[in-house]
>>> print(open('coords-v1.cif').read())   # mmCIF, C-alpha atoms and all ligand atoms
data_upload
#
loop_
_atom_site.label_atom_id
_atom_site.label_comp_id
_atom_site.auth_asym_id
_atom_site.auth_seq_id
_atom_site.Cartn_x
_atom_site.Cartn_y
_atom_site.Cartn_z
CA MET A 1 157.80 180.73 96.33
CA PHE A 2 154.80 178.92 97.78
CA LEU A 3 153.81 182.08 99.67
CA LEU A 4 154.02 184.19 96.51
CA HIS A 5 151.94 181.61 94.65
CA LEU A 6 149.31 181.62 97.43
CA LEU A 7 149.25 185.44 97.57
CA SER A 8 148.70 185.63 93.81
CA LEU A 9 145.79 183.19 94.01
CA LEU A 10 144.27 185.11 96.93
CA LEU A 11 144.52 188.35 94.94
CA ILE A 12 142.75 186.73 91.98
CA CYS A 13 140.11 185.46 94.41
CA PHE A 14 139.70 188.96 95.88
CA ALA A 15 139.29 190.43 92.37
CA SER A 16 136.74 187.73 91.48
CA TYR A 17 134.54 188.59 94.48
CA SER A 18 134.94 192.32 93.85
CA PHE A 19 133.79 191.67 90.29
CA LEU A 20 130.85 189.57 91.50
CA GLY A 21 129.96 192.43 93.84
CA TRP A 22 130.09 194.83 90.92
CA ILE A 23 127.54 192.67 89.05
CA ILE A 24 125.22 192.62 92.10
CA GLU A 25 125.53 196.42 92.51
CA VAL A 26 124.97 197.08 88.79
CA PHE A 27 121.75 195.04 88.91
CA TYR A 28 120.53 196.70 92.09
CA ARG A 29 121.35 200.30 91.14
CA SER A 30 120.30 199.95 87.50
CA ILE A 31 116.90 198.58 88.49
CA LYS A 32 116.50 201.27 91.16
CA GLN A 33 117.47 204.13 88.83
CA GLY A 34 115.86 202.77 85.66
CA ARG A 35 119.06 202.97 83.56
CA PHE A 36 122.47 201.29 83.34
CA VAL A 37 124.64 202.38 86.26
CA ASN A 38 128.35 201.56 86.38
CA ALA A 39 128.12 200.90 90.10
CA GLY A 40 130.81 201.33 92.64
CA PHE A 41 133.37 203.82 93.66
CA LEU A 42 136.07 202.74 91.18
CA HIS A 43 136.06 203.27 87.41
CA GLY A 44 136.61 199.57 86.67
CA CYS A 45 134.24 196.62 87.10
CA PHE A 46 135.10 195.99 90.76
CA VAL A 47 133.47 196.82 94.08
CA PRO A 48 136.28 195.97 96.56
CA VAL A 49 134.05 196.12 99.64
CA TYR A 50 132.56 192.83 98.40
CA GLY A 51 136.07 191.38 98.10
CA VAL A 52 136.88 192.42 101.68
CA SER A 53 133.55 191.08 102.95
CA ALA A 54 133.99 187.76 101.11
CA PHE A 55 137.47 187.29 102.60
CA SER A 56 136.19 188.07 106.10
CA LEU A 57 133.39 185.51 105.62
CA ILE A 58 135.77 182.82 104.37
CA LEU A 59 138.05 183.46 107.34
CA LEU A 60 135.14 183.28 109.78
CA ASP A 61 134.00 180.06 108.10
CA PHE A 62 137.19 178.36 109.36
CA TYR A 63 135.95 178.88 112.91
CA ILE A 64 132.18 178.49 112.66
CA GLY A 65 131.87 176.26 109.57
CA ASN A 66 130.64 173.34 111.71
CA GLN A 67 127.98 175.37 113.55
CA PRO A 68 124.25 175.17 112.60
CA VAL A 69 123.43 177.12 109.40
CA PHE A 70 121.16 179.57 111.22
CA LEU A 71 123.99 180.52 113.58
CA GLN A 72 126.33 180.96 110.61
CA PHE A 73 123.71 183.19 108.97
CA LEU A 74 123.62 185.41 112.10
CA PHE A 75 127.41 185.66 112.34
CA TYR A 76 127.75 186.47 108.64
CA ALA A 77 125.04 189.15 108.81
CA VAL A 78 126.79 190.84 111.74
CA LEU A 79 130.25 190.54 110.13
CA VAL A 80 129.33 191.98 106.71
CA SER A 81 127.25 194.74 108.32
CA SER A 82 130.29 195.65 110.44
CA VAL A 83 132.47 195.86 107.32
CA GLU A 84 129.76 197.95 105.63
CA TYR A 85 129.54 200.27 108.65
CA ALA A 86 133.33 200.72 108.76
CA VAL A 87 133.52 201.50 105.01
CA GLY A 88 130.60 203.94 105.47
CA VAL A 89 132.48 205.80 108.22
CA PHE A 90 135.66 205.76 106.09
CA SER A 91 133.93 207.25 103.04
CA GLU A 92 132.28 209.98 105.11
CA ARG A 93 135.37 210.93 107.12
CA VAL A 94 138.13 210.46 104.54
CA LEU A 95 136.36 210.95 101.21
CA HIS A 96 133.87 213.54 102.51
CA ALA A 97 131.18 211.71 100.57
CA ARG A 98 128.28 209.47 101.56
CA LEU A 99 128.33 206.64 99.02
CA TRP A 100 125.08 205.02 100.18
CA ASP A 101 122.33 206.04 102.55
CA TYR A 102 119.88 203.69 104.27
CA SER A 103 118.21 206.53 106.22
CA GLY A 104 114.86 205.70 104.60
CA GLU A 105 115.14 201.98 105.42
CA PRO A 106 113.69 200.40 108.60
CA PHE A 107 116.01 199.69 111.56
CA ASN A 108 119.00 201.57 110.15
CA LEU A 109 122.03 202.78 112.10
CA TYR A 110 123.02 206.33 111.03
CA GLY A 111 122.03 205.36 107.46
CA ARG A 112 125.19 203.24 107.16
CA VAL A 113 123.66 199.79 107.81
CA CYS A 114 120.07 198.56 108.04
CA LEU A 115 118.23 195.35 108.97
CA PRO A 116 116.86 194.37 105.51
CA PHE A 117 120.33 194.54 103.98
CA SER A 118 121.92 192.77 106.97
CA ILE A 119 119.48 189.89 106.33
CA ILE A 120 120.53 189.85 102.64
CA TRP A 121 124.22 189.85 103.67
CA GLY A 122 123.62 186.91 106.04
CA GLY A 123 121.95 184.93 103.25
CA LEU A 124 124.70 185.78 100.77
CA GLY A 125 127.29 184.75 103.37
CA VAL A 126 125.76 181.27 103.67
CA LEU A 127 125.56 181.02 99.88
CA LEU A 128 129.16 182.12 99.48
CA THR A 129 130.77 179.82 102.03
CA HIS A 130 128.68 176.74 101.13
CA ILE A 131 128.39 176.96 97.33
CA ILE A 132 130.15 179.87 95.62
CA HIS A 133 133.55 179.79 97.31
CA PRO A 134 134.25 176.05 96.94
CA PHE A 135 133.46 176.42 93.22
CA VAL A 136 135.46 179.65 92.65
CA TRP A 137 138.49 178.48 94.64
CA GLY A 138 138.46 175.18 92.74
CA LYS A 139 138.63 177.08 89.44
CA ILE A 140 141.37 179.43 90.67
CA LEU A 141 143.55 176.47 91.71
CA LEU A 142 143.47 175.31 88.09
CA ILE A 143 145.36 178.42 86.89
CA ALA A 144 148.77 177.26 85.66
CA SER A 145 152.09 179.00 86.39
CA PRO A 146 153.17 181.68 85.52
CA TYR A 147 149.71 183.08 84.67
CA GLU A 148 148.74 183.59 88.31
CA TYR A 149 151.78 185.89 88.77
CA ILE A 150 151.02 187.87 85.61
CA ALA A 151 147.39 188.30 86.65
CA ALA A 152 148.41 189.29 90.19
CA VAL A 153 150.86 191.97 88.98
CA LEU A 154 148.31 193.43 86.55
CA LEU A 155 145.64 193.47 89.27
CA VAL A 156 147.94 195.22 91.77
CA LEU A 157 148.86 197.88 89.17
CA TYR A 158 145.22 198.39 88.25
CA PHE A 159 143.92 198.61 91.84
CA VAL A 160 146.65 201.05 92.91
CA TYR A 161 145.94 203.30 89.92
CA ASP A 162 142.13 203.23 90.15
CA PHE A 163 142.10 203.67 93.95
CA SER A 164 144.45 206.65 93.92
CA VAL A 165 142.60 208.42 91.09
CA SER A 166 139.12 207.78 92.54
CA ILE A 167 140.05 208.70 96.11
CA SER A 168 141.77 211.86 94.96
CA TRP A 169 138.82 213.40 93.13
CA THR A 170 136.16 212.09 95.47
CA ARG A 171 138.01 213.84 98.28
CA LYS A 172 138.25 217.02 96.22
CA LEU A 173 134.60 216.89 95.26
CA GLY A 174 133.41 216.16 98.80
CA LYS A 175 135.62 218.86 100.27
CA SER A 176 134.51 221.40 97.71
CA LEU A 177 130.89 220.70 98.58
CA GLU A 178 131.47 221.11 102.27
CA GLU A 179 133.77 224.10 102.17
CA GLU A 180 133.80 225.88 98.83
CA PHE A 181 130.11 226.72 98.88
CA GLU A 182 130.60 228.44 102.20
CA ARG A 183 133.83 230.17 101.25
CA MET A 184 133.23 231.42 97.72
CA LYS A 185 131.07 234.44 97.49
CA SER A 186 130.64 234.35 93.74
CA PHE A 187 129.51 231.37 91.72
CA ASN A 188 132.84 230.26 90.26
CA TYR A 189 131.24 228.04 87.67
CA GLY A 190 134.35 227.10 85.66
CA GLU A 191 136.16 225.68 88.65
CA PHE A 192 133.10 223.91 89.97
CA GLN A 193 132.18 222.45 86.58
CA HIS A 194 135.73 221.15 86.18
CA LEU A 195 135.44 219.33 89.49
CA LEU A 196 131.97 218.01 88.69
CA ASN A 197 133.09 216.66 85.32
CA LYS A 198 135.99 214.83 86.92
CA GLY A 199 133.68 213.33 89.54
CA SER A 200 130.68 212.79 87.28
CA HIS A 201 130.97 208.99 87.47
CA ILE A 202 130.50 209.07 91.24
CA VAL A 203 127.90 211.84 91.21
CA ASN A 204 125.87 210.00 88.56
CA THR A 205 126.06 206.69 90.40
CA PHE A 206 125.36 207.67 93.99
CA GLU A 207 121.95 209.26 94.51
CA SER A 208 122.68 210.68 97.95
CA LEU A 209 125.83 212.38 96.72
CA ARG A 210 123.90 213.77 93.74
CA GLU A 211 121.32 215.28 96.06
CA LYS A 212 124.11 216.84 98.09
CA VAL A 213 125.74 218.29 94.97
CA SER A 214 122.46 219.66 93.64
CA GLY A 215 121.57 221.10 97.06
CA GLY A 216 124.88 222.96 97.01
CA VAL A 217 124.42 224.17 93.44
CA TYR A 218 120.91 225.46 94.12
CA LYS A 219 122.01 227.13 97.33
CA ARG A 220 124.73 229.00 95.48
CA LEU A 221 122.45 229.91 92.59
CA GLU A 222 119.86 231.19 95.04
CA GLU A 223 122.46 233.34 96.78
CA LYS A 224 123.82 234.65 93.51
CA PHE A 225 120.46 235.39 91.93
CA SER A 226 118.41 236.41 94.98
CA LYS A 227 118.49 240.12 94.01
CA LEU A 228 117.72 239.39 90.36
CA LEU A 229 114.85 237.08 91.31
CA GLU A 230 113.42 239.78 93.55
CA GLU A 231 113.67 242.32 90.71
CA ASN A 232 111.91 239.94 88.33
CA ARG A 233 109.17 238.87 90.74
CA LYS A 234 106.54 240.25 88.37
CA VAL A 235 107.35 237.45 85.88
CA LEU A 236 105.59 235.06 88.27
CA GLN A 237 102.33 236.92 87.61
CA ILE A 238 102.29 236.64 83.80
CA THR A 239 99.66 234.32 82.37
CA ASP A 240 99.77 235.09 78.64
CA PRO A 241 102.36 236.19 76.03
CA SER A 242 100.32 239.41 75.65
CA ASP A 243 101.52 240.31 79.20
CA ILE A 244 105.06 240.50 77.78
CA ASP A 245 106.22 243.54 75.79
CA ASP A 246 109.86 242.50 75.31
CA VAL A 247 110.21 242.40 71.50
CA GLU A 248 113.52 240.56 71.59
CA TYR A 249 112.10 237.77 73.79
CA LEU A 250 108.94 237.43 71.71
CA GLY A 251 111.08 237.26 68.55
CA TYR A 252 113.08 234.35 70.00
CA VAL A 253 110.02 232.25 70.87
CA ALA A 254 107.37 233.41 68.34
CA ASP A 255 107.42 230.20 66.26
CA ILE A 256 107.01 228.01 69.37
CA LEU A 257 104.20 230.09 70.87
CA ALA A 258 102.30 230.03 67.59
CA HIS A 259 102.81 226.35 66.88
CA GLU A 260 99.62 224.31 66.78
CA GLU A 261 101.08 221.39 68.80
CA PHE A 262 102.65 223.60 71.44
CA GLN A 263 99.35 225.44 71.84
CA LYS A 264 97.93 222.12 73.08
CA THR A 265 99.96 222.50 76.30
CA LYS A 266 97.23 224.95 77.32
CA LEU A 267 94.86 221.99 77.62
CA TYR A 268 96.79 220.15 80.33
CA LYS A 269 96.85 221.09 83.97
CA HIS A 270 100.25 221.61 85.55
CA HIS A 271 100.66 222.96 89.09
CA LYS A 272 98.18 225.80 89.44
CA LYS A 273 97.23 226.39 85.81
CA SER A 274 98.47 224.81 82.59
CA ILE A 275 101.76 223.50 81.19
CA PHE A 276 101.73 226.51 78.84
CA ASP A 277 101.36 228.94 81.74
CA HIS A 278 104.18 227.31 83.75
CA ALA A 279 106.54 227.01 80.76
CA LEU A 280 106.01 230.66 79.80
CA LYS A 281 107.05 231.82 83.28
CA VAL A 282 110.13 229.56 83.34
CA SER A 283 111.05 230.68 79.82
CA TYR A 284 110.70 234.42 80.36
CA LEU A 285 112.46 234.33 83.74
CA SER A 286 115.30 232.23 82.26
CA TYR A 287 115.61 234.70 79.39
CA LYS A 288 115.69 237.74 81.70
CA ILE A 289 118.28 236.33 84.06
CA SER A 290 120.42 234.85 81.26
CA LYS A 291 120.46 238.23 79.53
CA THR A 292 121.55 240.03 82.69
CA VAL A 293 124.37 237.59 83.51
CA LYS A 294 125.39 237.25 79.84
CA LEU A 295 124.38 233.65 79.25
CA ASN A 296 122.71 232.41 76.07
CA ALA A 297 119.34 234.17 76.51
CA LYS A 298 117.87 232.92 73.23
CA ASP A 299 118.45 229.22 73.94
CA ALA A 300 117.40 229.71 77.57
CA ALA A 301 114.13 231.28 76.41
CA ARG A 302 113.38 228.56 73.84
CA ALA A 303 114.38 225.58 75.96
CA GLY A 304 112.63 227.11 78.99
CA LEU A 305 109.43 227.15 76.94
CA LEU A 306 109.91 223.59 75.68
CA HIS A 307 111.17 221.93 78.88
CA ASP A 308 107.73 220.49 79.81
CA PHE A 309 106.43 219.89 76.25
CA PHE A 310 104.41 216.76 77.07
CA LEU A 311 100.76 216.43 76.10
CA TYR A 312 99.03 214.56 78.90
CA ASP A 313 97.81 215.22 82.42
CA TRP A 314 100.33 213.33 84.54
CA ARG A 315 97.89 213.20 87.47
CA ASN A 316 95.19 211.48 85.41
CA SER A 317 95.62 207.71 85.40
CA ASP A 318 93.10 207.32 82.53
CA ASP A 319 95.12 209.49 80.16
CA PRO A 320 96.38 207.17 77.38
CA GLY A 321 100.06 207.09 76.48
CA ARG A 322 101.32 208.69 79.68
CA PRO A 323 104.05 207.15 81.88
CA VAL A 324 103.11 205.57 85.23
CA LYS A 325 102.30 208.47 87.59
CA HIS A 326 105.21 208.02 90.00
CA LEU A 327 107.66 207.73 87.07
CA HIS A 328 106.46 210.88 85.33
CA GLY A 329 109.34 212.88 86.83
CA PHE A 330 111.88 210.49 85.29
CA HIS A 331 110.29 210.17 81.87
CA HIS A 332 108.83 213.55 80.91
CA PRO A 333 112.18 215.28 80.11
CA LYS A 334 112.77 212.69 77.36
CA ILE A 335 109.19 213.01 76.12
CA ALA A 336 109.55 216.81 76.05
CA LEU A 337 112.80 216.47 74.10
CA GLU A 338 111.24 214.07 71.56
CA ASN A 339 108.25 216.38 71.05
CA SER A 340 110.49 219.44 70.73
CA MET A 341 112.80 217.78 68.21
CA ARG A 342 109.80 216.66 66.16
CA TYR A 343 108.63 220.23 65.57
CA PHE A 344 111.66 222.49 66.06
CA ASN A 345 115.37 222.63 65.30
CA LEU A 346 117.23 222.48 68.58
CA SER A 347 120.80 223.43 69.47
CA GLU A 348 122.90 221.10 71.69
CA LEU A 349 122.44 223.56 74.53
CA GLU A 350 118.64 223.54 74.17
CA LYS A 351 118.61 219.73 74.11
CA ASP A 352 120.73 219.55 77.27
CA ILE A 353 118.48 222.03 79.08
CA ILE A 354 115.30 220.13 78.22
CA VAL A 355 116.48 216.58 78.88
CA LYS A 356 118.29 217.40 82.15
CA HIS A 357 115.88 219.88 83.71
CA MET A 358 114.78 217.37 86.37
CA TRP A 359 118.32 216.84 87.69
CA PRO A 360 119.08 215.47 90.30
CA LEU A 361 115.99 213.24 89.92
CA THR A 362 117.32 212.17 86.53
CA PRO A 363 120.94 211.28 87.08
CA MET A 364 122.97 212.71 84.20
CA LEU A 365 124.74 215.91 85.12
CA PRO A 366 123.71 219.10 83.24
CA LYS A 367 126.46 220.07 80.83
CA TYR A 368 126.03 223.83 80.55
CA ARG A 369 125.56 226.63 83.03
CA GLU A 370 122.27 227.52 81.29
CA SER A 371 121.09 223.96 82.03
CA PHE A 372 121.86 224.41 85.74
CA LEU A 373 120.15 227.80 85.71
CA ILE A 374 116.92 226.54 84.15
CA THR A 375 116.85 223.45 86.36
CA PHE A 376 117.01 225.85 89.28
CA LEU A 377 114.45 228.32 87.86
CA ASP A 378 112.01 225.51 87.01
CA LYS A 379 112.04 224.53 90.70
CA TYR A 380 111.82 228.16 91.78
CA VAL A 381 108.78 228.83 89.56
CA THR A 382 107.16 225.54 90.59
CA LEU A 383 107.52 226.35 94.29
CA ALA A 384 106.10 229.82 93.70
CA GLU A 385 103.14 228.33 91.81
CA LEU A 386 102.45 225.72 94.47
CA LYS A 387 102.59 228.34 97.24
CA GLU A 388 100.27 230.58 95.27
CA LYS A 389 97.77 227.73 95.21
CA SER A 390 97.71 227.49 98.99
CA GLY A 391 97.34 231.25 99.32
CA ALA A 392 100.89 231.92 100.56
CA PRO A 393 102.95 234.50 98.63
CA PRO A 394 105.68 233.18 96.30
CA ALA A 395 109.02 233.07 98.06
CA ALA A 396 112.59 232.20 97.19
CA ILE A 397 113.41 228.53 96.80
CA GLN A 398 113.84 226.74 100.15
FE FE B 401 109.44 219.27 84.13
FE FE B 402 108.72 222.55 84.68
#
>>> encode(input="coords-v1.cif", output="structure tokens", more="lines below")
Ligand SMILES: [Fe+2]
Ligand SMILES: [Fe+2]
Amino acid sequence: MFLLHLLSLLLICFASYSFLGWIIEVFYRSIKQGRFVNAGFLHGCFVPVYGVSAFSLILLDFYIGNQPVFLQFLFYAVLVSSVEYAVGVFSERVLHARLWDYSGEPFNLYGRVCLPFSIIWGGLGVLLTHIIHPFVWGKILLIASPYEYIAAVLLVLYFVYDFSVSISWTRKLGKSLEEEFERMKSFNYGEFQHLLNKGSHIVNTFESLREKVSGGVYKRLEEKFSKLLEENRKVLQITDPSDIDDVEYLGYVADILAHEEFQKTKLYKHHKKSIFDHALKVSYLSYKISKTVKLNAKDAARAGLLHDFFLYDWRNSDDPGRPVKHLHGFHHPKIALENSMRYFNLSELEKDIIVKHMWPLTPMLPKYRESFLITFLDKYVTLAELKEKSGAPPAAIQ
């Protein structure tokens, strides 16, 4: 009975540290991504790697608790980094997904651990063993019977459920990225979208995984549309609506082109020429390809035109009312959406295209295939424009 009692208390302790870890991760990732991020691999408010690390630290504390604090700090840093490294290898090998990536950080080992974070882990280890754990364990010991058993059973049920569900679709998602892109010749959007929707929590939370997903999506779109893009290469040369003689297209976008506020996009430099020039190319190309592959050509044309509807030069730091330069990429989709909604009636599809066109820079996953298409074409047109500037001919997206 004593053993069962102790096990229940340890489980509550493990859940407490996993919850504390979740709070730390939410703060860190939310600040980094500029929005609320439900951090961690599980759906619930727990990051178990913190629970495992805390238990390892408490265990180690039994042996080195009487050593000088600096020595404890070193041991804790090495121990937590080892746990982090092992979980990193596990997620890459078993889940086929990289859940964090320190490649850009100094003194990193295969992107799985790095010196700055090891220093943080050492500091947190000292804090945990000296202050946090005595307090938390003291509180847990106050839990009266039979509540510790009830809590333990509920926690076991929850962890088993959440782990099995999360591991299952992370594995599927990771595998599909590694294999399906290679195997499938056609862009089987329905199947892929289904998988993405199921894994959207993880894709939205983990930047490196998002970049991997988007890289795969763009690669497939490029393969699928390479012939069409080649056929429509002339669209990259248009500079004015008068270059376009497609009556259906002009009918779809006439009110936007003629609108006084939208006309102001001609005043702001974007890539080689103006926002107007860039948006017209994205819009017409999106319309042409959507029409050929039987997507919603009207909404693609309109949202393609409105996707960069912001009225400032993002390179000019003196321009009033513009976001900080390095955050322009994050903020302008929302600004474009606000401007568009102020002057035009938008469908849900058009809204999704505009507000998510910077994915994967902005985290939320595009909802419609038109949104994916225009996100891709925006990058394709941008690359073509930037290459044109340096004298090189426009080429397919890299
Ligand atoms: Fe944009
Ligand atoms: Fe754009």
>>> closest_atom_pairs(input="coords-v1.cif", of="chain A", to="ligand FE 401 (chain B)", cutoff="8 Å", atoms="all atoms listed in the file", output="JSON lines")
{"residue": "A:His307", "atom": "CA", "partner": "B:FE401", "partner_atom": "FE", "distance": 6.1}
{"residue": "A:Asp308", "atom": "CA", "partner": "B:FE401", "partner_atom": "FE", "distance": 4.8}
{"residue": "A:Gly329", "atom": "CA", "partner": "B:FE401", "partner_atom": "FE", "distance": 6.9}
{"residue": "A:His332", "atom": "CA", "partner": "B:FE401", "partner_atom": "FE", "distance": 6.6}
{"residue": "A:Pro333", "atom": "CA", "partner": "B:FE401", "partner_atom": "FE", "distance": 6.3}
{"residue": "A:His357", "atom": "CA", "partner": "B:FE401", "partner_atom": "FE", "distance": 6.5}
{"residue": "A:Met358", "atom": "CA", "partner": "B:FE401", "partner_atom": "FE", "distance": 6.1}
{"residue": "A:Asp378", "atom": "CA", "partner": "B:FE401", "partner_atom": "FE", "distance": 7.3}
>>> write_last_selection(input="coords-v1.cif", atoms="C-alpha atoms", output="PDB file, in the coordinates of the input")
ATOM      1  CA  HIS A 307     111.170 221.930  78.880  1.00  0.00           C
ATOM      2  CA  ASP A 308     107.730 220.490  79.810  1.00  0.00           C
ATOM      3  CA  GLY A 329     109.340 212.880  86.830  1.00  0.00           C
ATOM      4  CA  HIS A 332     108.830 213.550  80.910  1.00  0.00           C
ATOM      5  CA  PRO A 333     112.180 215.280  80.110  1.00  0.00           C
ATOM      6  CA  HIS A 357     115.880 219.880  83.710  1.00  0.00           C
ATOM      7  CA  MET A 358     114.780 217.370  86.370  1.00  0.00           C
ATOM      8  CA  ASP A 378     112.010 225.510  87.010  1.00  0.00           C
TER       9      ASP A 378
END
>>> residues_around(input="coords-v1.cif", residues="Tyr368 (chain A)", least_positions_apart="4", cutoff="9 Å", atoms="all atoms listed in the file", output="JSON, numbers by chain")
{"A": [193, 349, 352, 353, 372, 373]}
>>> write_last_selection(input="coords-v1.cif", atoms="C-alpha atoms", output="mmCIF file, in the frame of the given file")
data_model
loop_
_atom_site.group_PDB
_atom_site.id
_atom_site.type_symbol
_atom_site.label_atom_id
_atom_site.label_comp_id
_atom_site.auth_asym_id
_atom_site.auth_seq_id
_atom_site.Cartn_x
_atom_site.Cartn_y
_atom_site.Cartn_z
ATOM 1 C CA GLN A 193 132.180 222.450 86.580
ATOM 2 C CA LEU A 349 122.440 223.560 74.530
ATOM 3 C CA ASP A 352 120.730 219.550 77.270
ATOM 4 C CA ILE A 353 118.480 222.030 79.080
ATOM 5 C CA PHE A 372 121.860 224.410 85.740
ATOM 6 C CA LEU A 373 120.150 227.800 85.710
#
>>> residues_around(input="coords-v1.cif", residues="Lys351 (chain A)", least_positions_apart="4", cutoff="8 Å", atoms="all atoms listed in the file", output="PyMOL selection string")
chain A and resi 303+337+346-347+355
>>> residues_near_ligand(input="coords-v1.cif", ligand="ligand FE 402 (chain B)", cutoff="10 Å", atoms="only C-alpha atoms and all ligand atoms", output="VMD selection string")
chain A and resid 270 to 271 275 to 276 278 to 283 304 to 309 329 332 to 333 354 357 to 358 374 to 375 377 to 382
>>> write_last_selection(input="coords-v1.cif", atoms="C-alpha atoms", output="PDB file, keeping the file's coordinate frame")
ATOM      1  CA  HIS A 270     100.250 221.610  85.550  1.00  0.00           C
ATOM      2  CA  HIS A 271     100.660 222.960  89.090  1.00  0.00           C
ATOM      3  CA  ILE A 275     101.760 223.500  81.190  1.00  0.00           C
ATOM      4  CA  PHE A 276     101.730 226.510  78.840  1.00  0.00           C
ATOM      5  CA  HIS A 278     104.180 227.310  83.750  1.00  0.00           C
ATOM      6  CA  ALA A 279     106.540 227.010  80.760  1.00  0.00           C
ATOM      7  CA  LEU A 280     106.010 230.660  79.800  1.00  0.00           C
ATOM      8  CA  LYS A 281     107.050 231.820  83.280  1.00  0.00           C
ATOM      9  CA  VAL A 282     110.130 229.560  83.340  1.00  0.00           C
ATOM     10  CA  SER A 283     111.050 230.680  79.820  1.00  0.00           C
ATOM     11  CA  GLY A 304     112.630 227.110  78.990  1.00  0.00           C
ATOM     12  CA  LEU A 305     109.430 227.150  76.940  1.00  0.00           C
ATOM     13  CA  LEU A 306     109.910 223.590  75.680  1.00  0.00           C
ATOM     14  CA  HIS A 307     111.170 221.930  78.880  1.00  0.00           C
ATOM     15  CA  ASP A 308     107.730 220.490  79.810  1.00  0.00           C
ATOM     16  CA  PHE A 309     106.430 219.890  76.250  1.00  0.00           C
ATOM     17  CA  GLY A 329     109.340 212.880  86.830  1.00  0.00           C
ATOM     18  CA  HIS A 332     108.830 213.550  80.910  1.00  0.00           C
ATOM     19  CA  PRO A 333     112.180 215.280  80.110  1.00  0.00           C
ATOM     20  CA  ILE A 354     115.300 220.130  78.220  1.00  0.00           C
ATOM     21  CA  HIS A 357     115.880 219.880  83.710  1.00  0.00           C
ATOM     22  CA  MET A 358     114.780 217.370  86.370  1.00  0.00           C
ATOM     23  CA  ILE A 374     116.920 226.540  84.150  1.00  0.00           C
ATOM     24  CA  THR A 375     116.850 223.450  86.360  1.00  0.00           C
ATOM     25  CA  LEU A 377     114.450 228.320  87.860  1.00  0.00           C
ATOM     26  CA  ASP A 378     112.010 225.510  87.010  1.00  0.00           C
ATOM     27  CA  LYS A 379     112.040 224.530  90.700  1.00  0.00           C
ATOM     28  CA  TYR A 380     111.820 228.160  91.780  1.00  0.00           C
ATOM     29  CA  VAL A 381     108.780 228.830  89.560  1.00  0.00           C
ATOM     30  CA  THR A 382     107.160 225.540  90.590  1.00  0.00           C
TER      31      THR A 382
END
>>> closest_residue(input="coords-v1.cif", among="A:His5, A:Arg112, A:Arg98, A:Arg29", to="Thr170 (chain A)", atoms="all atoms listed in the file")
A:Arg98
>>> residues_around(input="coords-v1.cif", residues="Ala39 (chain A)", least_positions_apart="6", cutoff="8 Å", atoms="all atoms listed in the file", output="list in words")
Trp22, Glu25, Val26, Arg29, Val47 and Thr205 of chain A
>>> closest_residue(input="coords-v1.cif", among="A:Phe27, A:Phe14, A:Phe330, A:Tyr85", to="Gly51 (chain A)", atoms="all atoms listed in the file")
A:Phe14
>>> closest_residue(input="coords-v1.cif", among="A:Ser214, A:Gln263, A:Ser145, A:Thr239", to="Thr362 (chain A)", atoms="all atoms listed in the file")
A:Ser214
>>> decode(input="coords-v1.cif", residues="region 121-131 of chain A", atoms="N, CA and C atoms", output="PDB file, in the first residue's frame")
ATOM      1  N   TRP A 121      19.589  25.201 -18.677  1.00  0.00           N
ATOM      2  CA  TRP A 121      19.173  23.965 -17.973  1.00  0.00           C
ATOM      3  C   TRP A 121      19.943  23.798 -16.651  1.00  0.00           C
ATOM      4  N   GLY A 122      21.238  24.127 -16.656  1.00  0.00           N
ATOM      5  CA  GLY A 122      22.031  24.031 -15.426  1.00  0.00           C
ATOM      6  C   GLY A 122      21.468  24.936 -14.343  1.00  0.00           C
ATOM      7  N   GLY A 123      21.137  26.176 -14.738  1.00  0.00           N
ATOM      8  CA  GLY A 123      20.574  27.150 -13.793  1.00  0.00           C
ATOM      9  C   GLY A 123      19.222  26.686 -13.263  1.00  0.00           C
ATOM     10  N   LEU A 124      18.390  26.184 -14.174  1.00  0.00           N
ATOM     11  CA  LEU A 124      17.063  25.706 -13.753  1.00  0.00           C
ATOM     12  C   LEU A 124      17.191  24.499 -12.824  1.00  0.00           C
ATOM     13  N   GLY A 125      18.218  23.665 -13.073  1.00  0.00           N
ATOM     14  CA  GLY A 125      18.465  22.490 -12.231  1.00  0.00           C
ATOM     15  C   GLY A 125      18.757  22.900 -10.793  1.00  0.00           C
ATOM     16  N   VAL A 126      19.622  23.910 -10.648  1.00  0.00           N
ATOM     17  CA  VAL A 126      19.958  24.408  -9.296  1.00  0.00           C
ATOM     18  C   VAL A 126      18.701  24.972  -8.626  1.00  0.00           C
ATOM     19  N   LEU A 127      17.943  25.740  -9.402  1.00  0.00           N
ATOM     20  CA  LEU A 127      16.704  26.348  -8.889  1.00  0.00           C
ATOM     21  C   LEU A 127      15.711  25.270  -8.463  1.00  0.00           C
ATOM     22  N   LEU A 128      15.608  24.237  -9.269  1.00  0.00           N
ATOM     23  CA  LEU A 128      14.649  23.163  -8.988  1.00  0.00           C
ATOM     24  C   LEU A 128      15.007  22.404  -7.720  1.00  0.00           C
ATOM     25  N   THR A 129      16.262  21.958  -7.635  1.00  0.00           N
ATOM     26  CA  THR A 129      16.634  21.104  -6.498  1.00  0.00           C
ATOM     27  C   THR A 129      16.709  21.885  -5.183  1.00  0.00           C
ATOM     28  N   HIS A 130      17.052  23.178  -5.269  1.00  0.00           N
ATOM     29  CA  HIS A 130      17.224  23.958  -4.025  1.00  0.00           C
ATOM     30  C   HIS A 130      15.929  24.631  -3.564  1.00  0.00           C
ATOM     31  N   ILE A 131      15.105  25.092  -4.495  1.00  0.00           N
ATOM     32  CA  ILE A 131      13.928  25.880  -4.089  1.00  0.00           C
ATOM     33  C   ILE A 131      12.594  25.247  -4.524  1.00  0.00           C
TER      34      ILE A 131
END
